[in-house]
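Asker: Supplied structure: entry33.cif, mmCIF, C-alpha atoms and all ligand atoms.
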```cif
data_upload
loop_
_atom_site.label_atom_id
_atom_site.label_comp_id
_atom_site.auth_asym_id
_atom_site.auth_seq_id
_atom_site.Cartn_x
_atom_site.Cartn_y
_atom_site.Cartn_z
CA MET A 124 23.12 -19.10 17.01
CA ILE A 125 19.56 -19.52 18.18
CA LYS A 126 19.14 -21.77 21.24
CA LYS A 127 16.11 -20.49 23.13
CA VAL A 128 12.75 -19.48 21.67
CA LYS A 129 9.59 -17.95 23.07
CA ILE A 130 6.41 -18.44 21.06
CA ILE A 131 3.45 -16.22 21.91
CA GLY A 132 0.07 -17.71 20.93
CA ALA A 133 -0.60 -21.45 21.29
CA GLY A 134 -2.97 -21.78 18.34
CA SER A 135 -2.46 -23.32 14.92
CA ILE A 136 0.71 -21.41 13.97
CA GLY A 137 2.08 -21.50 17.53
CA ASN A 138 2.05 -25.30 17.31
CA HIS A 139 3.75 -25.29 13.88
CA LEU A 140 6.49 -22.94 15.08
CA SER A 141 6.98 -24.88 18.34
CA HIS A 142 7.37 -28.14 16.43
CA ALA A 143 9.71 -26.57 13.86
CA SER A 144 11.83 -25.03 16.63
CA ARG A 145 12.14 -28.42 18.33
CA GLN A 146 13.20 -29.92 14.95
CA MET A 147 15.96 -27.29 14.99
CA GLY A 148 17.00 -28.53 18.44
CA TRP A 149 15.99 -25.30 20.18
CA ASP A 150 14.45 -24.92 23.67
CA VAL A 151 10.85 -23.76 23.40
CA ASP A 152 8.63 -21.81 25.81
CA LEU A 153 5.06 -21.52 24.47
CA CYS A 154 2.70 -18.92 25.99
CA ASP A 155 -0.94 -17.96 25.65
CA ILE A 156 -3.37 -15.69 27.49
CA ASP A 157 -5.84 -18.56 27.50
CA SER A 158 -5.00 -21.63 29.63
CA ALA A 159 -7.55 -23.65 27.59
CA ALA A 160 -5.38 -23.01 24.49
CA LEU A 161 -2.34 -24.43 26.32
CA GLU A 162 -4.34 -27.52 27.34
CA ARG A 163 -5.61 -27.94 23.76
CA THR A 164 -2.02 -27.71 22.49
CA ARG A 165 -0.76 -30.42 24.86
CA ASN A 166 -3.74 -32.78 24.55
CA GLN A 167 -5.04 -32.26 21.01
CA ILE A 168 -3.27 -30.11 18.42
CA TYR A 169 0.37 -31.13 18.91
CA PRO A 170 -0.18 -34.91 19.37
CA ALA A 171 -2.67 -35.03 16.47
CA ARG A 172 -0.27 -33.25 14.10
CA TYR A 173 3.11 -34.59 15.14
CA GLY A 174 2.35 -37.94 16.78
CA ALA A 175 2.98 -37.15 20.45
CA TRP A 176 3.30 -34.23 22.85
CA ASP A 177 6.90 -33.10 23.43
CA ASN A 178 7.51 -32.77 27.18
CA ALA A 179 10.52 -30.53 26.57
CA ILE A 180 8.17 -27.70 25.50
CA ARG A 181 7.39 -25.52 28.53
CA LEU A 182 3.89 -24.02 28.64
CA PHE A 183 3.11 -20.69 30.33
CA THR A 184 0.11 -18.44 30.68
CA SER A 185 1.21 -15.01 29.43
CA ASP A 186 1.22 -13.43 32.90
CA ASN A 187 3.75 -16.07 34.09
CA ALA A 188 5.96 -16.18 31.00
CA PRO A 189 9.68 -15.44 31.38
CA THR A 190 10.81 -12.19 29.78
CA GLU A 191 14.53 -12.57 29.22
CA GLY A 192 17.20 -14.73 27.63
CA TYR A 193 15.45 -15.52 24.32
CA ASP A 194 17.33 -15.57 21.02
CA LEU A 195 14.11 -15.63 19.00
CA ILE A 196 10.58 -14.51 19.91
CA CYS A 197 7.71 -15.53 17.61
CA ILE A 198 4.31 -13.84 17.70
CA GLY A 199 1.55 -16.19 16.56
CA THR A 200 -1.54 -14.45 17.90
CA PRO A 201 -4.39 -12.87 15.91
CA PRO A 202 -3.10 -9.89 13.87
CA ASP A 203 -4.89 -7.19 15.86
CA VAL A 204 -2.53 -7.75 18.83
CA HIS A 205 0.70 -8.40 16.86
CA ILE A 206 2.04 -4.84 17.20
CA PRO A 207 1.67 -4.29 20.97
CA LEU A 208 3.19 -7.73 21.56
CA ALA A 209 5.99 -7.04 19.06
CA VAL A 210 6.82 -3.70 20.67
CA LYS A 211 6.99 -5.44 24.08
CA ALA A 212 9.10 -8.28 22.62
CA LEU A 213 11.59 -5.78 21.14
CA GLY A 214 12.07 -4.53 24.71
CA GLU A 215 13.39 -8.02 25.62
CA ASN A 216 16.21 -7.61 23.05
CA PRO A 217 16.04 -11.00 21.29
CA LYS A 218 18.41 -11.53 18.36
CA ALA A 219 15.38 -12.09 16.09
CA LEU A 220 11.65 -11.45 16.20
CA LEU A 221 9.22 -13.27 13.88
CA ILE A 222 5.78 -11.69 13.62
CA GLU A 223 3.09 -13.71 11.87
CA LYS A 224 1.31 -12.43 8.80
CA PRO A 225 -0.52 -10.19 8.24
CA LEU A 226 1.73 -7.89 10.21
CA CYS A 227 -1.13 -5.97 11.82
CA ARG A 228 -4.50 -4.36 11.26
CA PRO A 229 -4.66 -2.24 8.10
CA ASP A 230 -4.19 0.66 10.49
CA LEU A 231 -1.24 2.81 9.57
CA LYS A 232 -0.79 4.31 13.04
CA GLN A 233 0.14 0.88 14.41
CA MET A 234 2.65 0.30 11.62
CA ALA A 235 4.54 3.54 12.08
CA GLU A 236 5.04 2.78 15.78
CA LEU A 237 6.54 -0.65 15.08
CA ALA A 238 8.73 0.64 12.22
CA ALA A 239 10.13 3.37 14.50
CA ASP A 240 10.85 0.97 17.39
CA ALA A 241 12.45 -1.63 15.10
CA ALA A 242 14.69 1.02 13.53
CA LYS A 243 16.07 1.84 17.01
CA SER A 244 16.57 -1.83 17.96
CA LYS A 245 19.37 -4.33 17.18
CA THR A 246 16.80 -7.15 16.80
CA GLN A 247 16.32 -8.49 13.26
CA VAL A 248 12.57 -8.49 12.58
CA PHE A 249 10.87 -10.92 10.19
CA VAL A 250 7.27 -11.40 9.04
CA GLY A 251 5.82 -14.92 8.59
CA TYR A 252 5.31 -14.97 4.80
CA ASP A 253 6.90 -18.40 4.57
CA HIS A 254 6.12 -18.95 0.85
CA ALA A 255 8.67 -16.24 0.00
CA VAL A 256 11.50 -18.35 1.46
CA GLY A 257 10.20 -21.68 0.10
CA GLY A 258 12.32 -23.77 -2.27
CA ALA A 259 10.06 -23.06 -5.25
CA SER A 260 10.03 -19.29 -4.90
CA SER A 261 13.80 -19.25 -4.26
CA TYR A 262 14.22 -21.22 -7.52
CA MET A 263 12.03 -18.64 -9.31
CA ILE A 264 14.27 -15.82 -8.05
CA ALA A 265 17.39 -17.67 -9.24
CA GLU A 266 15.82 -18.12 -12.71
CA LEU A 267 14.64 -14.50 -13.02
CA PRO A 268 17.66 -13.16 -14.97
CA ASP A 269 16.89 -15.59 -17.84
CA LEU A 270 13.41 -14.09 -18.29
CA GLY A 271 14.79 -10.76 -19.46
CA THR A 272 12.85 -7.67 -18.44
CA LEU A 273 9.76 -8.59 -16.42
CA GLU A 274 6.74 -7.41 -18.40
CA THR A 275 3.85 -8.45 -16.18
CA LEU A 276 3.13 -10.45 -13.04
CA ASP A 277 0.02 -12.18 -11.66
CA VAL A 278 -0.37 -13.82 -8.24
CA GLU A 279 -3.49 -15.57 -6.94
CA PHE A 280 -4.20 -17.04 -3.51
CA ARG A 281 -7.76 -18.23 -3.84
CA GLU A 282 -8.74 -20.60 -1.07
CA TYR A 283 -12.07 -21.37 0.57
CA TRP A 284 -11.48 -20.89 4.26
CA GLY A 285 -13.35 -24.02 5.33
CA GLY A 286 -9.93 -25.68 5.76
CA ILE A 287 -8.94 -23.05 8.33
CA PHE A 288 -12.10 -23.72 10.33
CA ALA A 289 -11.52 -27.48 10.03
CA ALA A 290 -8.14 -26.86 11.72
CA HIS A 291 -9.94 -24.85 14.45
CA PRO A 292 -12.88 -27.12 15.42
CA TRP A 293 -13.45 -25.02 18.56
CA LEU A 294 -14.57 -22.08 16.35
CA SER A 295 -18.03 -22.08 14.78
CA GLY A 296 -17.16 -19.66 11.94
CA PRO A 297 -15.69 -16.28 10.92
CA SER A 298 -17.74 -14.26 13.42
CA GLU A 299 -15.88 -15.91 16.32
CA THR A 300 -12.41 -14.85 15.18
CA TYR A 301 -10.51 -11.95 13.61
CA LEU A 302 -11.01 -13.68 10.23
CA GLY A 303 -14.54 -12.23 10.02
CA TYR A 304 -13.38 -8.61 10.44
CA TRP A 305 -11.10 -6.90 7.89
CA ARG A 306 -10.28 -4.08 10.32
CA ARG A 307 -8.73 -6.68 12.66
CA GLY A 308 -6.58 -8.14 9.87
CA GLY A 309 -9.05 -10.77 8.64
CA GLY A 310 -10.90 -11.25 5.35
CA ALA A 311 -9.24 -12.27 2.10
CA SER A 312 -7.04 -9.14 2.04
CA GLY A 313 -5.35 -10.03 5.34
CA GLU A 314 -5.61 -13.81 5.56
CA HIS A 315 -4.34 -14.49 2.04
CA SER A 316 -1.91 -11.55 1.91
CA HIS A 317 0.77 -14.11 1.00
CA ALA A 318 -0.26 -13.24 -2.60
CA ILE A 319 0.40 -9.49 -2.27
CA HIS A 320 3.66 -10.26 -0.47
CA LEU A 321 4.84 -12.73 -3.17
CA TRP A 322 3.91 -10.22 -5.90
CA GLN A 323 6.02 -7.56 -4.17
CA HIS A 324 8.87 -10.03 -3.61
CA PHE A 325 8.99 -11.09 -7.28
CA ALA A 326 8.59 -7.50 -8.52
CA ARG A 327 11.37 -6.17 -6.26
CA SER A 328 13.67 -9.06 -7.16
CA ALA A 329 13.10 -8.42 -10.88
CA GLY A 330 14.12 -4.78 -10.45
CA ALA A 331 10.58 -3.46 -10.95
CA GLY A 332 10.58 -1.64 -7.60
CA LYS A 333 7.86 -1.12 -5.01
CA VAL A 334 4.11 -0.89 -5.61
CA ILE A 335 3.11 2.76 -5.99
CA GLU A 336 -0.43 2.48 -7.44
CA VAL A 337 -3.30 0.31 -6.21
CA SER A 338 -6.70 -0.05 -7.82
CA ALA A 339 -8.96 -2.46 -5.93
CA GLU A 340 -12.30 -4.19 -6.29
CA LEU A 341 -13.32 -5.81 -3.00
CA LYS A 342 -16.45 -7.81 -2.26
CA TYR A 343 -17.38 -7.22 1.39
CA VAL A 344 -19.63 -9.51 3.44
CA ARG A 345 -21.56 -7.55 6.07
CA ASP A 346 -24.44 -9.10 7.99
CA GLY A 347 -24.60 -6.89 11.06
CA VAL A 348 -21.97 -9.03 12.82
CA VAL A 349 -19.13 -9.91 10.42
CA ASP A 350 -17.46 -7.34 8.15
CA TYR A 351 -14.86 -8.91 5.86
CA ASP A 352 -13.79 -8.94 2.24
CA ALA A 353 -14.47 -12.32 0.61
CA ILE A 354 -12.74 -11.27 -2.63
CA CYS A 355 -9.86 -8.83 -2.99
CA ALA A 356 -8.89 -8.13 -6.63
CA LEU A 357 -6.05 -5.68 -7.22
CA SER A 358 -4.40 -4.01 -10.17
CA LEU A 359 -0.92 -2.81 -9.25
CA ARG A 360 1.74 -0.58 -10.79
CA THR A 361 5.34 -0.36 -9.57
CA GLU A 362 7.89 2.46 -9.44
CA GLU A 363 9.37 1.16 -12.71
CA GLY A 364 5.96 1.08 -14.41
CA MET A 365 5.44 -2.73 -14.28
CA VAL A 366 1.72 -3.54 -14.20
CA GLY A 367 0.09 -6.72 -12.91
CA ARG A 368 -2.65 -8.24 -10.76
CA VAL A 369 -3.29 -9.95 -7.44
CA ILE A 370 -6.43 -11.88 -6.54
CA GLN A 371 -7.10 -13.23 -3.05
CA ASP A 372 -10.36 -14.84 -1.99
CA VAL A 373 -11.81 -17.07 0.73
CA ILE A 374 -14.22 -18.77 -1.67
CA THR A 375 -12.39 -20.80 -4.34
CA ARG A 376 -12.29 -24.60 -4.06
CA PRO A 377 -10.27 -26.49 -4.96
CA THR A 378 -7.61 -24.04 -3.84
CA ARG A 379 -5.50 -22.17 -6.38
CA LYS A 380 -2.18 -20.68 -5.26
CA TRP A 381 -0.46 -19.50 -8.39
CA ALA A 382 1.96 -16.94 -9.76
CA ARG A 383 3.01 -16.15 -13.32
CA LEU A 384 5.96 -13.98 -14.26
CA GLN A 385 6.06 -13.00 -17.92
CA GLY A 386 9.40 -11.72 -19.17
CA GLN A 387 10.70 -10.78 -22.61
CA ASN A 388 12.34 -14.22 -23.09
CA GLY A 389 9.78 -16.50 -21.47
CA ALA A 390 7.66 -17.11 -18.39
CA LEU A 391 7.83 -18.77 -14.99
CA GLU A 392 4.76 -20.22 -13.28
CA TRP A 393 4.63 -21.10 -9.58
CA PHE A 394 1.97 -23.48 -8.23
CA GLY A 395 1.78 -23.55 -4.43
CA ASN A 396 0.68 -26.78 -2.73
CA GLN A 397 -0.05 -28.23 -6.15
CA LYS A 398 -0.03 -31.86 -4.98
CA GLY A 399 -0.43 -32.31 -1.23
CA ASN A 400 2.03 -29.77 0.16
CA ASP A 401 4.39 -30.00 -2.83
CA ASP A 402 5.05 -26.87 -4.89
CA MET A 403 5.68 -26.92 -8.64
CA VAL A 404 7.36 -24.51 -11.05
CA ILE A 405 6.92 -24.54 -14.84
CA ARG A 406 9.48 -22.77 -17.00
CA HIS A 407 8.37 -21.63 -20.44
CA ARG A 408 11.13 -20.61 -22.86
CA ILE A 409 10.12 -19.19 -26.21
CA GLY A 410 10.71 -21.93 -28.83
CA SER A 411 11.30 -24.79 -26.29
CA ASP A 412 9.14 -27.29 -24.44
CA ALA A 413 7.98 -26.32 -20.97
CA GLU A 414 10.09 -27.72 -18.07
CA THR A 415 8.45 -28.73 -14.81
CA THR A 416 10.28 -28.87 -11.46
CA TRP A 417 8.72 -30.25 -8.28
CA PHE A 418 9.55 -29.21 -4.72
CA HIS A 419 8.60 -32.01 -2.34
CA LYS A 420 7.87 -31.00 1.24
CA THR A 421 5.54 -31.59 4.15
CA ARG A 422 3.65 -28.83 5.95
CA PRO A 423 6.06 -28.99 8.94
CA ASP A 424 8.96 -28.59 6.46
CA ASP A 425 7.62 -25.13 5.49
CA PHE A 426 8.23 -23.82 9.00
CA VAL A 427 11.56 -25.59 9.52
CA ARG A 428 12.77 -23.92 6.32
CA GLU A 429 11.52 -20.54 7.54
CA LEU A 430 13.41 -20.93 10.84
CA LYS A 431 16.54 -22.06 8.98
CA HIS A 432 16.28 -18.88 6.93
CA ILE A 433 16.11 -16.76 10.09
CA GLN A 434 19.09 -18.59 11.58
CA ALA A 435 21.05 -18.07 8.34
CA GLN A 436 20.16 -14.37 8.28
CA LEU A 437 21.48 -13.98 11.83
CA GLN A 438 24.71 -15.68 10.75
CA GLY A 439 24.94 -13.44 7.68
CA SER A 440 24.65 -16.34 5.25
CA GLY A 441 21.00 -16.17 4.18
CA ILE A 442 19.48 -16.26 0.69
CA SER A 443 20.33 -12.57 0.62
CA PRO A 444 22.49 -11.77 3.64
CA MET A 445 21.46 -8.11 3.74
CA ILE A 446 17.79 -8.12 2.77
CA SER A 447 15.55 -11.02 3.68
CA PRO A 448 12.46 -11.73 1.52
CA ILE A 449 10.54 -11.82 4.83
CA SER A 450 12.07 -8.67 6.34
CA LEU A 451 9.96 -6.31 8.44
CA GLU A 452 10.09 -3.84 5.56
CA SER A 453 8.52 -6.41 3.23
CA GLY A 454 5.68 -6.99 5.72
CA LEU A 455 5.15 -3.24 6.16
CA ASP A 456 5.06 -2.79 2.37
CA THR A 457 2.42 -5.52 2.13
CA MET A 458 0.29 -3.76 4.76
CA MET A 459 0.57 -0.51 2.77
CA VAL A 460 -0.97 -2.31 -0.21
CA VAL A 461 -3.70 -3.87 1.98
CA ALA A 462 -4.52 -0.44 3.46
CA ALA A 463 -4.47 1.15 -0.01
CA ALA A 464 -6.77 -1.62 -1.30
CA HIS A 465 -9.45 -0.87 1.28
CA ARG A 466 -9.11 2.87 0.63
CA SER A 467 -9.34 2.30 -3.14
CA ALA A 468 -12.39 0.01 -2.86
CA THR A 469 -14.19 2.38 -0.48
CA GLU A 470 -13.48 5.59 -2.39
CA ARG A 471 -13.63 3.90 -5.81
CA ARG A 472 -10.44 5.47 -7.08
CA VAL A 473 -6.80 4.64 -7.70
CA VAL A 474 -4.69 5.10 -4.54
CA LEU A 475 -1.03 6.10 -4.77
CA ILE A 476 1.61 5.15 -2.16
CA ASP A 477 4.39 7.63 -1.38
CA TYR A 478 6.94 5.72 0.74
CA ALA A 479 8.91 8.92 1.42
CA LYS A 480 6.10 9.87 3.83
CA GLY A 481 6.75 6.73 5.94
CA TYR A 482 4.30 4.06 7.02
CA THR A 483 1.60 6.63 7.77
CA GLU A 484 -1.82 7.76 6.56
CA ALA A 485 -0.14 10.64 4.70
CA ALA A 486 1.61 8.12 2.41
CA LEU A 487 -1.73 7.17 0.77
CA HIS A 488 -3.18 9.74 -1.62
CA SER A 489 -4.98 10.07 -4.94
N1 LIG B 501 2.36 -18.39 7.86
C1 LIG B 501 1.35 -19.24 7.81
O1 LIG B 501 1.28 -20.08 6.95
C2 LIG B 501 0.28 -19.15 8.88
C3 LIG B 501 -0.52 -20.26 9.16
C4 LIG B 501 -1.50 -20.15 10.16
C5 LIG B 501 -1.67 -18.93 10.82
N2 LIG B 501 -0.89 -17.87 10.49
C6 LIG B 501 -1.08 -16.56 11.19
O2 LIG B 501 -0.83 -16.74 12.58
C7 LIG B 501 -1.68 -15.89 13.35
C8 LIG B 501 -2.49 -16.73 14.31
O3 LIG B 501 -3.30 -17.64 13.58
P1 LIG B 501 -3.77 -19.01 14.22
O4 LIG B 501 -4.53 -19.73 13.17
O5 LIG B 501 -2.66 -19.69 14.90
O6 LIG B 501 -4.80 -18.45 15.33
P2 LIG B 501 -5.41 -19.28 16.56
O7 LIG B 501 -6.71 -18.61 16.86
O8 LIG B 501 -5.37 -20.74 16.28
O9 LIG B 501 -4.38 -19.00 17.75
C9 LIG B 501 -4.11 -17.74 18.26
C10 LIG B 501 -3.78 -17.90 19.75
O10 LIG B 501 -3.32 -16.62 20.25
C11 LIG B 501 -3.81 -16.48 21.58
N3 LIG B 501 -3.76 -15.07 21.95
C12 LIG B 501 -4.62 -14.07 21.61
N4 LIG B 501 -4.21 -12.90 22.13
C13 LIG B 501 -3.07 -13.17 22.83
C14 LIG B 501 -2.19 -12.36 23.59
N5 LIG B 501 -2.39 -11.04 23.73
N6 LIG B 501 -1.11 -12.95 24.16
C15 LIG B 501 -0.90 -14.30 24.04
N7 LIG B 501 -1.72 -15.12 23.32
C16 LIG B 501 -2.79 -14.56 22.72
C17 LIG B 501 -5.21 -17.07 21.52
O11 LIG B 501 -5.68 -17.41 22.82
C18 LIG B 501 -5.00 -18.28 20.60
O12 LIG B 501 -4.71 -19.45 21.35
C19 LIG B 501 -2.51 -15.12 12.35
O13 LIG B 501 -1.92 -13.87 12.12
C20 LIG B 501 -2.48 -16.01 11.10
O14 LIG B 501 -2.67 -15.31 9.89
C21 LIG B 501 0.09 -17.96 9.56
#
```
Starting from the coordinates I provided, produce the structure as structure tokens.

Answerer:
Amino acid sequence: MIKKVKIIGAGSIGNHLSHASRQMGWDVDLCDIDSAALERTRNQIYPARYGAWDNAIRLFTSDNAPTEGYDLICIGTPPDVHIPLAVKALGENPKALLIEKPLCRPDLKQMAELAADAAKSKTQVFVGYDHAVGGASSYMIAELPDLGTLETLDVEFREYWGGIFAAHPWLSGPSETYLGYWRRGGGASGEHSHAIHLWQHFARSAGAGKVIEVSAELKYVRDGVVDYDAICALSLRTEEGMVGRVIQDVITRPTRKWARLQGQNGALEWFGNQKGNDDMVIRHRIGSDAETTWFHKTRPDDFVRELKHIQAQLQGSGISPMISPISLESGLDTMMVVAAAHRSATERRVVLIDYAKGYTEAALHS
């Protein structure tokens, strides 16, 4: 059972995870390197989002934060510091560690280090791709057998990032944060990597295997300061030969978060945040009318559900008790595709992923 949580990073996600942990009845310590971020949490972000500050949440600057006795540690900092913080957190032996998405920079050296440390540890490690444990995607997985063999799969996360900056009024734009730098985990490839992750989750669940071929077309924005991909369009092939597409961008408005699974007997379509925060699934059966199912939820519900999933995994009663849709391996696999995408776009060729070589540079080849 989880009782005590440490959350590292008191920004947007740190507030969501603190609030969700309190909804679960857990004790929360929230830490940040920046004391201004802690002040902003107490005086602005948390009261504005959830009605009032919660005095039970203890705030610490990172140098004063306790380092033992936590059941769950969450890392909600920018992606370029996820791995060093995760490696340090594993040393504290929590029962579970949740690292926000994207897992890290598209830098394979960092990934191999984390994978090796996690393999030696008893801590269960998760990555914050919350859509994969949402009610709508869980429903899709339950309905998969009726589709017959999965023939193709498309996922799009196309969202103008003005909304992100609206939630961070203290930032003037992408140049002031990791978002403006793909090498730090920003750009469309990193920020909207929920799409790559969902594609991999659906493909794996349908028995199509892991992604082994990536062909990418990326549109980079470079002005002497920022260096990010505004559009990341991928063609993917899996171990079992299933072919499909992912598109992520930071341009499209209104937002489109969508997935379509086409099987031999019909299709399933997922619409993320279709109305407010509600998700929607449409089921198409050949010869029948389409059936629509809604999944009502608030934004805070997304994170409560994610934490419930982690708790259930620790108790061995999760959606899949052995393999979580948000396992560390799933996050590492997503980073392999992000890394392959940049390699493919830069070298203008198809990039193959050989997982037998580990989460290293040597795994990517032509
Ligand atoms: N799953 C989701 O839906 C979701 C939603 C929002 C953000 N995120 C992810 O969460 C991460 C953070 O995003 P955000 O919008 O909250 O960023 P943010 O800029 O609002 O907050 C990050 C905080 O981390 C702090 N920080 C930086 N380095 C630190 C360190 N070494 N130790 C402690 N604190 C440190 C910063 O001072 C800042 O307060 C990103 O990886 C982002 O993609 C995920």

Asker: Report the closest atom pair, with its distance in Å rounded to one decimal, for each residue of chain A that has an atom no farther than 8 Å from ligand LIG 501 (chain B); count only C-alpha atoms and all ligand atoms, sort by chain and then rising residue number, and write it as a tab-separated table.

Answerer:
```
residue	atom	partner	partner_atom	distance
A:Ile131	CA	B:LIG501	C15	5.2
A:Gly132	CA	B:LIG501	O10	3.6
A:Ala133	CA	B:LIG501	O12	4.6
A:Gly134	CA	B:LIG501	O9	3.2
A:Ser135	CA	B:LIG501	O5	3.6
A:Ile136	CA	B:LIG501	O5	3.9
A:Gly137	CA	B:LIG501	O5	5.7
A:Asn138	CA	B:LIG501	O5	7.7
A:Cys154	CA	B:LIG501	C15	6.2
A:Asp155	CA	B:LIG501	N7	3.8
A:Ile156	CA	B:LIG501	C15	4.5
A:Asp157	CA	B:LIG501	O11	4.8
A:Ala160	CA	B:LIG501	O12	4.8
A:Leu161	CA	B:LIG501	O12	7.4
A:Thr184	CA	B:LIG501	C15	7.9
A:Ser185	CA	B:LIG501	C15	5.8
A:Ile198	CA	B:LIG501	C7	7.7
A:Gly199	CA	B:LIG501	C7	4.6
A:Thr200	CA	B:LIG501	O10	3.7
A:Pro201	CA	B:LIG501	C8	4.6
A:Pro202	CA	B:LIG501	O13	4.5
A:Val204	CA	B:LIG501	N5	5.9
A:His205	CA	B:LIG501	O13	7.7
A:Leu208	CA	B:LIG501	N5	6.8
A:Glu223	CA	B:LIG501	O2	5.0
A:Lys224	CA	B:LIG501	O13	4.9
A:Pro225	CA	B:LIG501	O13	5.5
A:Leu226	CA	B:LIG501	O13	7.3
A:Cys227	CA	B:LIG501	O13	7.9
A:Gly251	CA	B:LIG501	N1	5.0
A:Tyr252	CA	B:LIG501	N1	5.5
A:Asp253	CA	B:LIG501	N1	5.6
A:His254	CA	B:LIG501	O1	7.9
A:Ile287	CA	B:LIG501	O4	7.3
A:His291	CA	B:LIG501	O8	6.4
A:Thr300	CA	B:LIG501	O7	7.0
A:Gly308	CA	B:LIG501	O13	7.7
A:Gly309	CA	B:LIG501	O14	7.9
A:Gly313	CA	B:LIG501	O14	7.5
A:Glu314	CA	B:LIG501	O14	5.4
```

Asker: Within 8 Å of Leu220 in chain A, counting all atoms listed in the file, which residues qualify if same-chain residues fewer than 5 places away don't, as a list in words?

Answerer: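 Once the adjacent positions are removed, what remains is Leu195, Ile196, Cys197, Ile198, Ala209, Ala212, Leu213, Thr246, Gln247, Val248 and Phe249 of chain A.
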
Asker: Quick one: everything within 9 Å of range 429-434 of chain A, counting only C-alpha atoms, minus sequence neighbours fewer than 3 positions away in the same chain. Send it as a ChimeraX atom specification.

Answerer: /A:124-125,140,143-144,147,219,221,247,249,251-254,256-257,424-426,437-442,447

Asker: Give me, as JSON lines, each residue of range 197-258 of chain A that comes within 9 Å of range 468-489 of chain A, together with its shortest interatomic pair and the distance in Å at one decimal, counting only C-alpha atoms, with rows ordered by chain and rising residue number.

Answerer:
```
{"residue": "A:Asp230", "atom": "CA", "partner": "A:Glu484", "partner_atom": "CA", "distance": 8.5}
{"residue": "A:Leu231", "atom": "CA", "partner": "A:Thr483", "partner_atom": "CA", "distance": 5.1}
{"residue": "A:Lys232", "atom": "CA", "partner": "A:Thr483", "partner_atom": "CA", "distance": 6.2}
{"residue": "A:Gln233", "atom": "CA", "partner": "A:Thr483", "partner_atom": "CA", "distance": 8.9}
{"residue": "A:Met234", "atom": "CA", "partner": "A:Tyr482", "partner_atom": "CA", "distance": 6.2}
{"residue": "A:Ala235", "atom": "CA", "partner": "A:Tyr482", "partner_atom": "CA", "distance": 5.1}
{"residue": "A:Glu236", "atom": "CA", "partner": "A:Tyr482", "partner_atom": "CA", "distance": 8.9}
{"residue": "A:Ala238", "atom": "CA", "partner": "A:Tyr482", "partner_atom": "CA", "distance": 7.6}
```

Asker: Find, counting only C-alpha atoms, the residue in A:Leu302, A:Gly192, A:Ala239, A:Ala290 that gets nearest to Lys218 in chain A.

Answerer: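 The shortest atom-to-atom distance to Lys218 in chain A comes from A:Gly192.
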
Asker: Find the residues around range 277-286 of chain A up to 6 Å (all atoms listed in the file counted), leave out those fewer than 6 positions away in its own chain, and share them as a ChimeraX atom specification.

Answerer: /A:318,367-376,378-383

Asker: Keeping only C-alpha atoms, write the selected residues to a file as a PDB file, keeping the file's coordinate frame.

Answerer:
```pdb
ATOM      1  CA  ALA A 318      -0.260 -13.240  -2.600  1.00  0.00           C
ATOM      2  CA  GLY A 367       0.090  -6.720 -12.910  1.00  0.00           C
ATOM      3  CA  ARG A 368      -2.650  -8.240 -10.760  1.00  0.00           C
ATOM      4  CA  VAL A 369      -3.290  -9.950  -7.440  1.00  0.00           C
ATOM      5  CA  ILE A 370      -6.430 -11.880  -6.540  1.00  0.00           C
ATOM      6  CA  GLN A 371      -7.100 -13.230  -3.050  1.00  0.00           C
ATOM      7  CA  ASP A 372     -10.360 -14.840  -1.990  1.00  0.00           C
ATOM      8  CA  VAL A 373     -11.810 -17.070   0.730  1.00  0.00           C
ATOM      9  CA  ILE A 374     -14.220 -18.770  -1.670  1.00  0.00           C
ATOM     10  CA  THR A 375     -12.390 -20.800  -4.340  1.00  0.00           C
ATOM     11  CA  ARG A 376     -12.290 -24.600  -4.060  1.00  0.00           C
ATOM     12  CA  THR A 378      -7.610 -24.040  -3.840  1.00  0.00           C
ATOM     13  CA  ARG A 379      -5.500 -22.170  -6.380  1.00  0.00           C
ATOM     14  CA  LYS A 380      -2.180 -20.680  -5.260  1.00  0.00           C
ATOM     15  CA  TRP A 381      -0.460 -19.500  -8.390  1.00  0.00           C
ATOM     16  CA  ALA A 382       1.960 -16.940  -9.760  1.00  0.00           C
ATOM     17  CA  ARG A 383       3.010 -16.150 -13.320  1.00  0.00           C
TER      18      ARG A 383
END
```

Asker: From the list A:Thr421, A:Ala289, A:Gln436, A:Asp456, which residue is nearest Gln323 in chain A when using only C-alpha atoms?

Answerer: A:Asp456

Asker: With 8 Å added on each side, what axis-aligned box encloses every listed atom of range 300-318 of chain A? Give the centre and edge lengths in Å to one decimal, as lines of an AutoDock Vina configuration file.

Answerer:
```
center_x = -6.9
center_y = -9.5
center_z = 6.3
size_x = 31.3
size_y = 26.8
size_z = 33.8
```

Asker: For CA of Ser467 in chain A and CA of Glu340 in chain A, determine how far apart the two atoms are, in Å to one decimal place.

Answerer: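 Answer for the CA of Ser467 in chain A to CA of Glu340 in chain A separation: 7.8 Å.
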
Asker: Return the single residue from A:Thr272, A:Ser453, A:Gln397, A:Ser158 that is closest to Val334 in chain A, with distances computed using all atoms listed in the file.

Answerer: A:Ser453

Asker: With all atoms listed in the file as the counted atoms, please give the residues lying no more than 9 Å from Gly310 in chain A, apart from itself and same-chain residues fewer than 2 positions off, as a list in words.

Answerer: Pro297, Tyr301, Leu302, Gly303, Tyr304, Trp305, Arg306, Arg307, Gly308, Ser312, Gly313, Glu314, His315, Tyr343, Asp350, Tyr351, Asp352, Ala353, Ile354, Cys355, Asp372 and Val373 of chain A
